[in-house]
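Shown next, in structure tokens, is the structure this report addresses.
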Amino acid sequence: MESFKSNFKFIIVYISLIFISIFIKFIFPNELNSYYVFIFLAFVSLLVTRLKKKIKLSIFFFIVLFLAGSHKEIQKKYFSFMSVMHWNDGVKVFSSVPFNFLKGNYKNQLNKIFKKDDGSNSEIIEIKEIFYLLTLNNISEYAVSNSLQKKIDGSTLFKQRLREVTYPSKIRNDFNNENYFKFFEISEKLSRNCNLVSKTKNIKLTKC
Amino acid sequence: MLIVIFKIIFLLGIFYILGNLIFRIFSKFNIFEKNFNSVSIKFLVSIILVNNLILFGIKLHYIIILFCFIVIISIYNFYAYKINLRLNHFQSHIKNKNNVIFLITSIVLFIKIIIEPVQLWDARSIWFYSGKIIYFNNQYLLENFQNDFCKSCLFLFYPKLIPILSALIAKIMGFWNDYLTKISLFLILLPALIFLKNEFKSHMTFLLSLLLIIFSNGFYIWNGYIDGYLSIYSSLMYYSLINYINFKDNRYLILTIIFLAISINLKIESLFLILSSFVLILATNNIKIISKCFLAKNSMIVLFFLSPPLIWILMNYFNVYNFSSDDNNIYSFSNYLNAIFENNEVLASRYNNYISYVFDMTLNKSKVIYFLILIFIIKLLDKFNNFLNLSWKEFLYFQILPVTYLTIIIIFYLYIGYSYGLPSMKDWILASFDRYTLPVKGLLSINLILLFNSIKNDSFKKIK
């Protein structure tokens, strides 16, 4: 019973630590050079815990607070797009997982985890629809219209994601006297030798 | 959904059982010793073995058949040895604080890893796309990568541990998606968590090791990049090496080799780790370690776990790499030296020259300097309070490997500038300094933990 109590206390302290770190982040906004505040806190912790004569605890807090201060807030001056010391990100996200679960923020992802890929991870609607039509018709090689090809070549992300998401299906533009599948954008007119097989909101699949 | 959950449990279990089998075989030859972080070793050796088998052409479904055989053997063992799950044993585990922290951390990290799909460039276009190529071709073949990835590029000899594991997971699940395949990351993370839990008996040290070695990598744990994992395993390898040098306990040498094998299988940057470890061994006059790796029982570990990925990387490197591109240096050496010390408009007015830019990014912006400052502050505090059981000599030799690793990164960046031009170097640094310096911070974190571990128990009396 005693050990259960001490464990319970420990869990409370552990969770409180996580919340304190988030709380501190809210108190000290980005404009403030939070690093100096954290260094100050680190030394204060060293002083307080030293008074309690628990050197291990004091060094523990000193290390954690010292490093927590060197997180991305001060980096925002120069590199707003990247975080350099990730300690806070790590702890923040760690503590946000149960919260997001309870709030139902993961509902959408949970539906996708247990299912076969639907191509939506590319976040490009045309790729999702091409992927859908490819799997629906079991197509391994396909051609695309000139307009769609221009769209693909115009964006590295589109080109790369199309290749990755639709793998193992591949684009081929050297079909000769054989039947093949060709994708068109919804607004495009079909080629004379191509017949519509199926269509989605933005993409048409034809057999040529 | 239930079937998928069952398969996830099966997957984790099968890696443990396979590891257990290998562990037993090796224990018979006195190579592994029981009760020495054995759970972590079991996971790691099975992961490396599966990786090596697939790397050298074994098809994915043969691995699944192997798994089925192992399940049958383990069911037989279960009945033969009448293993019973005792409730008391379970309760004693729950009472241990380290187990509680471990359980909470692993569950939360597991959810975090699989709840988001791979989205960032390197993650989806290198690591998990490679996994897709292996999964849909049912095996790893260089030709498939040359057809579907690139004809002749650096990516071809990138290690394939994560792609192989994700392909194997998709094979077991029966389908590919960008969520479940990320369990490959958790499979690599789990042995590290177990190692830390078993190695650091004090819950405070374990908590500190989690914060410094695991959480300091932040989103690099769950975003599909491998750099966070390289940082973790570089740190563990360094920890084992330091312990081997200090205590001459062969078990730590075995751990060093296994962690190094995992690092090599994760990223090509593990070469930096090998070079800096070599410098540490030379600097501390421990050259015998290298010969010990090839002696008797240790050589089996090197043969089965360390050499296959090394051979594979070298084979692919010589098969694929176009050596002629090396001659395209745009500077002569003396011109280059002048250029890096000159002020250049590309860097605007923020830096005096390229050299200060490189140092600022790798030391300051990467936050490595803060780790170094912190380590020295603690040592200086010790000078006044005398709470550490660590001499200055020992303290300084702890810094050799991280500092050498950092120096190699700086030299590497300067080499990029020499080969591809200074603007390319600038872009390369911007895109990578954050990730490349993660292992340095991991290594320095180990130094912090070593400092923390060397705090005397009765130190508060001396502070008075």
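In the structure tokens, the first chain shown is A, the next is B, and so on; residue numbers restart at 1 for each chain, and ligands run from 1 in the order shown.
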
Contacts of Asn246 in chain B at 12 Å or less, counting only C-alpha atoms, minus same-chain residues fewer than 2 places along, as a PyMOL selection string? chain B and resi 239-244+248-250+252-253+284+286+394+397-398+450

Go ahead and write the residues just picked, all heavy atoms, as a short mmCIF file (atom, residue, chain, number, x, y, z; two decimals), in the first residue's frame.
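Listed below is the output, again_16.cif:
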```cif
data_model
loop_
_atom_site.label_atom_id
_atom_site.label_comp_id
_atom_site.auth_asym_id
_atom_site.auth_seq_id
_atom_site.Cartn_x
_atom_site.Cartn_y
_atom_site.Cartn_z
N TYR B 239 27.52 5.65 -24.82
CA TYR B 239 27.39 5.30 -23.40
C TYR B 239 28.03 3.94 -23.12
O TYR B 239 28.78 3.77 -22.16
CB TYR B 239 25.90 5.29 -23.01
CG TYR B 239 25.65 4.84 -21.59
CD1 TYR B 239 25.83 5.71 -20.53
CD2 TYR B 239 25.27 3.54 -21.32
CE1 TYR B 239 25.63 5.30 -19.23
CE2 TYR B 239 25.05 3.12 -20.03
CZ TYR B 239 25.24 4.00 -18.98
OH TYR B 239 25.04 3.58 -17.70
N SER B 240 27.74 2.97 -24.00
CA SER B 240 28.29 1.62 -23.81
C SER B 240 29.81 1.63 -23.97
O SER B 240 30.52 0.96 -23.21
CB SER B 240 27.69 0.64 -24.82
OG SER B 240 26.31 0.73 -24.80
N LEU B 241 30.28 2.39 -24.96
CA LEU B 241 31.73 2.46 -25.20
C LEU B 241 32.46 3.06 -24.00
O LEU B 241 33.48 2.53 -23.55
CB LEU B 241 32.01 3.27 -26.48
CG LEU B 241 33.46 3.40 -26.90
CD1 LEU B 241 34.05 2.04 -27.28
CD2 LEU B 241 33.61 4.34 -28.09
N ILE B 242 31.91 4.16 -23.49
CA ILE B 242 32.52 4.82 -22.32
C ILE B 242 32.54 3.85 -21.13
O ILE B 242 33.54 3.73 -20.42
CB ILE B 242 31.72 6.10 -21.97
CG1 ILE B 242 32.06 7.23 -22.94
CG2 ILE B 242 31.96 6.54 -20.53
CD1 ILE B 242 33.37 7.95 -22.66
N ASN B 243 31.43 3.14 -20.95
CA ASN B 243 31.36 2.19 -19.84
C ASN B 243 32.35 1.05 -20.03
O ASN B 243 32.93 0.56 -19.05
CB ASN B 243 29.95 1.62 -19.70
CG ASN B 243 29.11 2.51 -18.81
OD1 ASN B 243 29.63 3.35 -18.10
ND2 ASN B 243 27.81 2.34 -18.88
N TYR B 244 32.52 0.64 -21.28
CA TYR B 244 33.50 -0.44 -21.52
C TYR B 244 34.91 0.05 -21.20
O TYR B 244 35.69 -0.63 -20.54
CB TYR B 244 33.42 -0.94 -22.97
CG TYR B 244 34.48 -1.99 -23.23
CD1 TYR B 244 34.36 -3.25 -22.64
CD2 TYR B 244 35.63 -1.70 -23.95
CE1 TYR B 244 35.35 -4.21 -22.80
CE2 TYR B 244 36.62 -2.65 -24.12
CZ TYR B 244 36.48 -3.90 -23.55
OH TYR B 244 37.46 -4.83 -23.68
N LYS B 248 35.83 -2.03 -18.32
CA LYS B 248 36.37 -3.19 -19.05
C LYS B 248 35.43 -4.41 -18.93
O LYS B 248 35.87 -5.55 -18.80
CB LYS B 248 37.77 -3.57 -18.52
CG LYS B 248 38.82 -2.51 -18.78
CD LYS B 248 39.32 -2.52 -20.21
CE LYS B 248 40.33 -1.43 -20.52
NZ LYS B 248 39.79 -0.14 -20.87
N ASP B 249 34.14 -4.13 -18.93
CA ASP B 249 33.15 -5.19 -18.85
C ASP B 249 32.75 -5.56 -20.28
O ASP B 249 32.20 -4.73 -21.02
CB ASP B 249 31.94 -4.68 -18.06
CG ASP B 249 30.90 -5.76 -17.84
OD1 ASP B 249 30.91 -6.75 -18.59
OD2 ASP B 249 30.08 -5.61 -16.92
N ASN B 250 33.01 -6.80 -20.67
CA ASN B 250 32.81 -7.21 -22.06
C ASN B 250 31.37 -7.05 -22.53
O ASN B 250 31.10 -6.87 -23.71
CB ASN B 250 33.26 -8.66 -22.25
CG ASN B 250 33.44 -8.99 -23.72
OD1 ASN B 250 34.18 -8.32 -24.42
ND2 ASN B 250 32.71 -9.97 -24.19
N TYR B 252 29.47 -4.59 -22.12
CA TYR B 252 29.31 -3.26 -22.71
C TYR B 252 29.91 -3.20 -24.11
O TYR B 252 29.43 -2.44 -24.96
CB TYR B 252 29.92 -2.18 -21.81
CG TYR B 252 29.02 -1.79 -20.67
CD1 TYR B 252 29.35 -2.09 -19.35
CD2 TYR B 252 27.82 -1.14 -20.91
CE1 TYR B 252 28.51 -1.74 -18.31
CE2 TYR B 252 26.97 -0.78 -19.87
CZ TYR B 252 27.32 -1.09 -18.58
OH TYR B 252 26.48 -0.74 -17.54
N LEU B 253 30.96 -3.99 -24.36
CA LEU B 253 31.56 -4.01 -25.70
C LEU B 253 30.56 -4.61 -26.69
O LEU B 253 30.40 -4.13 -27.82
CB LEU B 253 32.87 -4.82 -25.70
CG LEU B 253 33.63 -4.81 -27.01
CD1 LEU B 253 34.04 -3.40 -27.41
CD2 LEU B 253 34.88 -5.68 -26.94
N THR B 284 42.43 7.87 -26.08
CA THR B 284 42.49 7.32 -24.73
C THR B 284 43.39 6.08 -24.67
O THR B 284 43.38 5.35 -23.67
CB THR B 284 41.08 6.95 -24.23
OG1 THR B 284 40.48 6.07 -25.19
CG2 THR B 284 40.22 8.16 -24.02
N ASN B 286 43.24 3.19 -26.20
CA ASN B 286 42.50 1.95 -26.01
C ASN B 286 42.38 1.17 -27.32
O ASN B 286 41.35 0.55 -27.58
CB ASN B 286 41.10 2.25 -25.48
CG ASN B 286 41.11 2.41 -23.98
OD1 ASN B 286 41.38 1.47 -23.25
ND2 ASN B 286 40.84 3.62 -23.53
N GLU B 394 39.01 12.87 -16.40
CA GLU B 394 37.88 12.05 -16.88
C GLU B 394 36.86 12.93 -17.57
O GLU B 394 36.32 12.58 -18.62
CB GLU B 394 37.22 11.34 -15.69
CG GLU B 394 37.95 10.12 -15.20
CD GLU B 394 37.30 9.60 -13.92
OE1 GLU B 394 37.14 10.39 -12.97
OE2 GLU B 394 36.94 8.42 -13.90
N TYR B 397 37.97 13.86 -21.02
CA TYR B 397 37.96 12.79 -22.02
C TYR B 397 36.53 12.41 -22.43
O TYR B 397 36.31 11.92 -23.53
CB TYR B 397 38.87 11.62 -21.61
CG TYR B 397 38.22 10.33 -21.18
CD1 TYR B 397 37.69 9.47 -22.14
CD2 TYR B 397 38.19 9.92 -19.85
CE1 TYR B 397 37.12 8.27 -21.77
CE2 TYR B 397 37.62 8.74 -19.46
CZ TYR B 397 37.08 7.91 -20.43
OH TYR B 397 36.51 6.73 -20.07
N PHE B 398 35.55 12.75 -21.58
CA PHE B 398 34.15 12.57 -21.98
C PHE B 398 33.78 13.47 -23.17
O PHE B 398 32.87 13.17 -23.92
CB PHE B 398 33.19 12.92 -20.82
CG PHE B 398 33.09 11.85 -19.77
CD1 PHE B 398 32.53 12.14 -18.53
CD2 PHE B 398 33.53 10.56 -20.00
CE1 PHE B 398 32.42 11.17 -17.54
CE2 PHE B 398 33.43 9.58 -19.02
CZ PHE B 398 32.88 9.88 -17.79
N LEU B 450 26.24 11.11 -17.42
CA LEU B 450 27.40 10.57 -16.71
C LEU B 450 27.78 11.46 -15.53
O LEU B 450 28.13 10.98 -14.45
CB LEU B 450 28.59 10.41 -17.67
CG LEU B 450 28.45 9.30 -18.72
CD1 LEU B 450 29.56 9.40 -19.76
CD2 LEU B 450 28.48 7.93 -18.08
#
```

Neighbours of chain A in chain B at 6 Å, counting only C-alpha atoms, as a PyMOL selection string: chain B and resi 1+175-177+179+215-218+366+460

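Atom pair CA of Leu230 in chain B / CA of Leu266 in chain B has a distance of 6.3 Å (rounded to one decimal).
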
Can you tell me which residues surround Leu190 in chain A at a distance of at most 12 Å, considering only C-alpha atoms, apart from same-chain residues fewer than 2 positions away, and format the answer as JSON, numbers by chain? {"A": [144, 145, 146, 147, 182, 183, 184, 185, 186, 187, 188, 192, 193, 194, 195, 196, 197, 203, 204, 205, 206, 207, 208]}

Backbone-only DSSP, alpha helix (DSSP H) members of range 6-50 of chain B, as a PyMOL selection string: chain B and resi 6-28+38-50

With distances taken over only C-alpha atoms, which residue among B:Ile104, B:Ile429, B:Leu120, B:Val45 lies nearest Leu210 in chain B? B:Ile104

Which residues are close to Ala339 in chain B, i.e. within 10 Å by only C-alpha atoms, leaving aside same-chain residues fewer than 3 positions away? Reply as a ChimeraX atom specification. /B:331,333-336,342-344,353-355,417-418,421-422

Contact residues around Asp360 in chain B with only C-alpha atoms at 12 Å, ignoring same-chain residues under 2 positions, as a PDB file with all heavy atoms, in the first residue's frame:
```
ATOM      1  N   ARG B 350      24.887  39.692 -41.919  1.00  0.00           N
ATOM      2  CA  ARG B 350      24.807  39.022 -40.625  1.00  0.00           C
ATOM      3  C   ARG B 350      26.093  38.312 -40.221  1.00  0.00           C
ATOM      4  O   ARG B 350      26.365  38.109 -39.060  1.00  0.00           O
ATOM      5  CB  ARG B 350      23.649  38.027 -40.623  1.00  0.00           C
ATOM      6  CG  ARG B 350      22.421  38.607 -39.971  1.00  0.00           C
ATOM      7  CD  ARG B 350      21.441  37.551 -39.622  1.00  0.00           C
ATOM      8  NE  ARG B 350      20.825  37.040 -40.828  1.00  0.00           N
ATOM      9  CZ  ARG B 350      20.528  35.774 -41.021  1.00  0.00           C
ATOM     10  NH1 ARG B 350      20.797  34.895 -40.112  1.00  0.00           N
ATOM     11  NH2 ARG B 350      19.975  35.364 -42.133  1.00  0.00           N
ATOM     12  N   TYR B 351      26.870  37.892 -41.214  1.00  0.00           N
ATOM     13  CA  TYR B 351      28.112  37.179 -40.909  1.00  0.00           C
ATOM     14  C   TYR B 351      29.281  37.858 -41.609  1.00  0.00           C
ATOM     15  O   TYR B 351      29.136  38.388 -42.705  1.00  0.00           O
ATOM     16  CB  TYR B 351      28.016  35.725 -41.372  1.00  0.00           C
ATOM     17  CG  TYR B 351      26.976  34.942 -40.619  1.00  0.00           C
ATOM     18  CD1 TYR B 351      25.707  34.762 -41.155  1.00  0.00           C
ATOM     19  CD2 TYR B 351      27.247  34.421 -39.363  1.00  0.00           C
ATOM     20  CE1 TYR B 351      24.735  34.069 -40.466  1.00  0.00           C
ATOM     21  CE2 TYR B 351      26.282  33.727 -38.664  1.00  0.00           C
ATOM     22  CZ  TYR B 351      25.025  33.550 -39.217  1.00  0.00           C
ATOM     23  OH  TYR B 351      24.071  32.869 -38.523  1.00  0.00           O
ATOM     24  N   ASN B 352      30.441  37.778 -40.984  1.00  0.00           N
ATOM     25  CA  ASN B 352      31.625  38.383 -41.581  1.00  0.00           C
ATOM     26  C   ASN B 352      32.127  37.569 -42.758  1.00  0.00           C
ATOM     27  O   ASN B 352      32.644  38.096 -43.727  1.00  0.00           O
ATOM     28  CB  ASN B 352      32.748  38.481 -40.541  1.00  0.00           C
ATOM     29  CG  ASN B 352      32.380  39.461 -39.461  1.00  0.00           C
ATOM     30  OD1 ASN B 352      31.645  40.415 -39.715  1.00  0.00           O
ATOM     31  ND2 ASN B 352      32.866  39.212 -38.251  1.00  0.00           N
ATOM     32  N   ASN B 353      32.009  36.260 -42.647  1.00  0.00           N
ATOM     33  CA  ASN B 353      32.459  35.381 -43.734  1.00  0.00           C
ATOM     34  C   ASN B 353      31.800  34.006 -43.571  1.00  0.00           C
ATOM     35  O   ASN B 353      31.069  33.773 -42.603  1.00  0.00           O
ATOM     36  CB  ASN B 353      33.980  35.252 -43.738  1.00  0.00           C
ATOM     37  CG  ASN B 353      34.505  34.910 -42.356  1.00  0.00           C
ATOM     38  OD1 ASN B 353      33.968  34.028 -41.695  1.00  0.00           O
ATOM     39  ND2 ASN B 353      35.518  35.630 -41.914  1.00  0.00           N
ATOM     40  N   TYR B 354      32.091  33.133 -44.528  1.00  0.00           N
ATOM     41  CA  TYR B 354      31.456  31.805 -44.508  1.00  0.00           C
ATOM     42  C   TYR B 354      31.889  30.968 -43.305  1.00  0.00           C
ATOM     43  O   TYR B 354      31.129  30.177 -42.783  1.00  0.00           O
ATOM     44  CB  TYR B 354      31.752  31.053 -45.809  1.00  0.00           C
ATOM     45  CG  TYR B 354      30.765  31.386 -46.896  1.00  0.00           C
ATOM     46  CD1 TYR B 354      31.085  32.296 -47.883  1.00  0.00           C
ATOM     47  CD2 TYR B 354      29.506  30.809 -46.911  1.00  0.00           C
ATOM     48  CE1 TYR B 354      30.178  32.618 -48.879  1.00  0.00           C
ATOM     49  CE2 TYR B 354      28.588  31.123 -47.891  1.00  0.00           C
ATOM     50  CZ  TYR B 354      28.929  32.018 -48.879  1.00  0.00           C
ATOM     51  OH  TYR B 354      28.025  32.334 -49.840  1.00  0.00           O
ATOM     52  N   ILE B 355      33.136  31.127 -42.908  1.00  0.00           N
ATOM     53  CA  ILE B 355      33.644  30.342 -41.776  1.00  0.00           C
ATOM     54  C   ILE B 355      32.828  30.647 -40.515  1.00  0.00           C
ATOM     55  O   ILE B 355      32.401  29.738 -39.797  1.00  0.00           O
ATOM     56  CB  ILE B 355      35.156  30.645 -41.568  1.00  0.00           C
ATOM     57  CG1 ILE B 355      36.002  29.642 -42.330  1.00  0.00           C
ATOM     58  CG2 ILE B 355      35.572  30.696 -40.131  1.00  0.00           C
ATOM     59  CD1 ILE B 355      36.120  28.253 -41.767  1.00  0.00           C
ATOM     60  N   SER B 356      32.577  31.949 -40.276  1.00  0.00           N
ATOM     61  CA  SER B 356      31.801  32.293 -39.067  1.00  0.00           C
ATOM     62  C   SER B 356      30.364  31.810 -39.211  1.00  0.00           C
ATOM     63  O   SER B 356      29.721  31.443 -38.221  1.00  0.00           O
ATOM     64  CB  SER B 356      31.862  33.781 -38.770  1.00  0.00           C
ATOM     65  OG  SER B 356      31.404  34.493 -39.871  1.00  0.00           O
ATOM     66  N   TYR B 357      29.858  31.776 -40.457  1.00  0.00           N
ATOM     67  CA  TYR B 357      28.509  31.251 -40.703  1.00  0.00           C
ATOM     68  C   TYR B 357      28.434  29.770 -40.320  1.00  0.00           C
ATOM     69  O   TYR B 357      27.533  29.343 -39.587  1.00  0.00           O
ATOM     70  CB  TYR B 357      28.169  31.454 -42.184  1.00  0.00           C
ATOM     71  CG  TYR B 357      26.908  30.764 -42.634  1.00  0.00           C
ATOM     72  CD1 TYR B 357      25.658  31.225 -42.226  1.00  0.00           C
ATOM     73  CD2 TYR B 357      26.965  29.656 -43.477  1.00  0.00           C
ATOM     74  CE1 TYR B 357      24.501  30.593 -42.640  1.00  0.00           C
ATOM     75  CE2 TYR B 357      25.817  29.020 -43.900  1.00  0.00           C
ATOM     76  CZ  TYR B 357      24.574  29.490 -43.480  1.00  0.00           C
ATOM     77  OH  TYR B 357      23.434  28.855 -43.888  1.00  0.00           O
ATOM     78  N   VAL B 358      29.435  29.003 -40.785  1.00  0.00           N
ATOM     79  CA  VAL B 358      29.453  27.557 -40.491  1.00  0.00           C
ATOM     80  C   VAL B 358      29.521  27.334 -38.981  1.00  0.00           C
ATOM     81  O   VAL B 358      28.762  26.529 -38.429  1.00  0.00           O
ATOM     82  CB  VAL B 358      30.652  26.869 -41.197  1.00  0.00           C
ATOM     83  CG1 VAL B 358      30.777  25.418 -40.763  1.00  0.00           C
ATOM     84  CG2 VAL B 358      30.507  26.953 -42.701  1.00  0.00           C
ATOM     85  N   THR B 362      26.565  25.564 -36.647  1.00  0.00           N
ATOM     86  CA  THR B 362      26.817  24.256 -36.033  1.00  0.00           C
ATOM     87  C   THR B 362      26.989  24.326 -34.517  1.00  0.00           C
ATOM     88  O   THR B 362      26.691  23.360 -33.824  1.00  0.00           O
ATOM     89  CB  THR B 362      28.071  23.594 -36.647  1.00  0.00           C
ATOM     90  OG1 THR B 362      29.120  24.549 -36.642  1.00  0.00           O
ATOM     91  CG2 THR B 362      27.813  23.088 -38.035  1.00  0.00           C
ATOM     92  N   LEU B 363      27.455  25.453 -34.042  1.00  0.00           N
ATOM     93  CA  LEU B 363      27.665  25.567 -32.593  1.00  0.00           C
ATOM     94  C   LEU B 363      26.533  26.301 -31.881  1.00  0.00           C
ATOM     95  O   LEU B 363      25.972  25.813 -30.913  1.00  0.00           O
ATOM     96  CB  LEU B 363      28.969  26.309 -32.321  1.00  0.00           C
ATOM     97  CG  LEU B 363      30.203  25.455 -32.096  1.00  0.00           C
ATOM     98  CD1 LEU B 363      31.440  26.311 -32.165  1.00  0.00           C
ATOM     99  CD2 LEU B 363      30.151  24.739 -30.767  1.00  0.00           C
ATOM    100  N   ASN B 364      26.189  27.472 -32.429  1.00  0.00           N
ATOM    101  CA  ASN B 364      25.234  28.330 -31.730  1.00  0.00           C
ATOM    102  C   ASN B 364      23.786  28.017 -32.092  1.00  0.00           C
ATOM    103  O   ASN B 364      22.985  27.658 -31.236  1.00  0.00           O
ATOM    104  CB  ASN B 364      25.585  29.798 -32.040  1.00  0.00           C
ATOM    105  CG  ASN B 364      24.665  30.754 -31.330  1.00  0.00           C
ATOM    106  OD1 ASN B 364      24.145  30.434 -30.271  1.00  0.00           O
ATOM    107  ND2 ASN B 364      24.429  31.908 -31.916  1.00  0.00           N
ATOM    108  N   LYS B 365      23.476  28.118 -33.393  1.00  0.00           N
ATOM    109  CA  LYS B 365      22.082  27.895 -33.805  1.00  0.00           C
ATOM    110  C   LYS B 365      21.632  26.459 -33.515  1.00  0.00           C
ATOM    111  O   LYS B 365      20.466  26.192 -33.296  1.00  0.00           O
ATOM    112  CB  LYS B 365      21.915  28.195 -35.294  1.00  0.00           C
ATOM    113  CG  LYS B 365      22.129  29.637 -35.667  1.00  0.00           C
ATOM    114  CD  LYS B 365      20.950  30.494 -35.257  1.00  0.00           C
ATOM    115  CE  LYS B 365      21.068  31.897 -35.789  1.00  0.00           C
ATOM    116  NZ  LYS B 365      22.138  32.665 -35.150  1.00  0.00           N
ATOM    117  N   SER B 366      22.566  25.549 -33.548  1.00  0.00           N
ATOM    118  CA  SER B 366      22.202  24.157 -33.275  1.00  0.00           C
ATOM    119  C   SER B 366      22.027  23.902 -31.780  1.00  0.00           C
ATOM    120  O   SER B 366      21.545  22.854 -31.390  1.00  0.00           O
ATOM    121  CB  SER B 366      23.295  23.236 -33.802  1.00  0.00           C
ATOM    122  OG  SER B 366      24.459  23.425 -33.038  1.00  0.00           O
ATOM    123  N   LYS B 367      22.461  24.860 -30.967  1.00  0.00           N
ATOM    124  CA  LYS B 367      22.359  24.779 -29.505  1.00  0.00           C
ATOM    125  C   LYS B 367      23.390  23.852 -28.859  1.00  0.00           C
ATOM    126  O   LYS B 367      23.309  23.602 -27.660  1.00  0.00           O
ATOM    127  CB  LYS B 367      20.957  24.344 -29.057  1.00  0.00           C
ATOM    128  CG  LYS B 367      19.875  25.300 -29.441  1.00  0.00           C
ATOM    129  CD  LYS B 367      20.047  26.580 -28.678  1.00  0.00           C
ATOM    130  CE  LYS B 367      19.203  27.676 -29.281  1.00  0.00           C
ATOM    131  NZ  LYS B 367      19.695  28.978 -28.951  1.00  0.00           N
ATOM    132  N   VAL B 368      24.331  23.372 -29.643  1.00  0.00           N
ATOM    133  CA  VAL B 368      25.365  22.505 -29.088  1.00  0.00           C
ATOM    134  C   VAL B 368      26.136  23.251 -28.002  1.00  0.00           C
ATOM    135  O   VAL B 368      26.463  22.692 -26.951  1.00  0.00           O
ATOM    136  CB  VAL B 368      26.317  22.016 -30.207  1.00  0.00           C
ATOM    137  CG1 VAL B 368      27.563  21.381 -29.639  1.00  0.00           C
ATOM    138  CG2 VAL B 368      25.589  21.030 -31.109  1.00  0.00           C
ATOM    139  N   ILE B 369      26.367  24.535 -28.260  1.00  0.00           N
ATOM    140  CA  ILE B 369      27.140  25.345 -27.322  1.00  0.00           C
ATOM    141  C   ILE B 369      26.487  25.389 -25.935  1.00  0.00           C
ATOM    142  O   ILE B 369      27.157  25.403 -24.911  1.00  0.00           O
ATOM    143  CB  ILE B 369      27.351  26.783 -27.893  1.00  0.00           C
ATOM    144  CG1 ILE B 369      28.408  27.547 -27.107  1.00  0.00           C
ATOM    145  CG2 ILE B 369      26.074  27.588 -27.944  1.00  0.00           C
ATOM    146  CD1 ILE B 369      29.801  27.148 -27.433  1.00  0.00           C
ATOM    147  N   ILE B 410      31.607  19.923 -39.237  1.00  0.00           N
ATOM    148  CA  ILE B 410      32.098  21.208 -39.767  1.00  0.00           C
ATOM    149  C   ILE B 410      32.978  20.966 -40.996  1.00  0.00           C
ATOM    150  O   ILE B 410      32.820  21.622 -42.028  1.00  0.00           O
ATOM    151  CB  ILE B 410      32.872  21.982 -38.660  1.00  0.00           C
ATOM    152  CG1 ILE B 410      31.887  22.418 -37.576  1.00  0.00           C
ATOM    153  CG2 ILE B 410      33.602  23.193 -39.230  1.00  0.00           C
ATOM    154  CD1 ILE B 410      32.525  22.963 -36.315  1.00  0.00           C
ATOM    155  N   ILE B 429      23.601  23.598 -45.427  1.00  0.00           N
ATOM    156  CA  ILE B 429      23.652  23.805 -43.968  1.00  0.00           C
ATOM    157  C   ILE B 429      22.266  24.166 -43.435  1.00  0.00           C
ATOM    158  O   ILE B 429      21.804  23.610 -42.442  1.00  0.00           O
ATOM    159  CB  ILE B 429      24.683  24.908 -43.600  1.00  0.00           C
ATOM    160  CG1 ILE B 429      26.096  24.399 -43.875  1.00  0.00           C
ATOM    161  CG2 ILE B 429      24.552  25.325 -42.139  1.00  0.00           C
ATOM    162  CD1 ILE B 429      27.193  25.419 -43.648  1.00  0.00           C
ATOM    163  N   LEU B 430      21.592  25.089 -44.136  1.00  0.00           N
ATOM    164  CA  LEU B 430      20.254  25.499 -43.685  1.00  0.00           C
ATOM    165  C   LEU B 430      19.300  24.321 -43.618  1.00  0.00           C
ATOM    166  O   LEU B 430      18.493  24.207 -42.696  1.00  0.00           O
ATOM    167  CB  LEU B 430      19.692  26.539 -44.658  1.00  0.00           C
ATOM    168  CG  LEU B 430      19.815  28.000 -44.244  1.00  0.00           C
ATOM    169  CD1 LEU B 430      19.164  28.895 -45.274  1.00  0.00           C
ATOM    170  CD2 LEU B 430      19.191  28.246 -42.881  1.00  0.00           C
ATOM    171  N   PHE B 433      21.580  21.390 -40.815  1.00  0.00           N
ATOM    172  CA  PHE B 433      22.376  21.545 -39.585  1.00  0.00           C
ATOM    173  C   PHE B 433      21.607  21.097 -38.339  1.00  0.00           C
ATOM    174  O   PHE B 433      22.157  20.524 -37.413  1.00  0.00           O
ATOM    175  CB  PHE B 433      22.856  23.004 -39.433  1.00  0.00           C
ATOM    176  CG  PHE B 433      21.846  23.931 -38.815  1.00  0.00           C
ATOM    177  CD1 PHE B 433      21.905  24.241 -37.466  1.00  0.00           C
ATOM    178  CD2 PHE B 433      20.816  24.474 -39.569  1.00  0.00           C
ATOM    179  CE1 PHE B 433      20.971  25.090 -36.890  1.00  0.00           C
ATOM    180  CE2 PHE B 433      19.881  25.311 -38.993  1.00  0.00           C
ATOM    181  CZ  PHE B 433      19.962  25.622 -37.652  1.00  0.00           C
TER     182      PHE B 433
END
```

Surrounding residues of range 146-148 of chain B excluding itself and chain neighbours under 2 positions, 10 Å, only C-alpha atoms, as a PyMOL selection string: (chain A and resi 163-164+167-168+170) or (chain B and resi 129-130+133+141-144+150-153+155-156+320)

Work out how far apart CA of Asn51 in chain B and CA of Gly19 in chain B are and give it in Å to one decimal. 13.0 Å
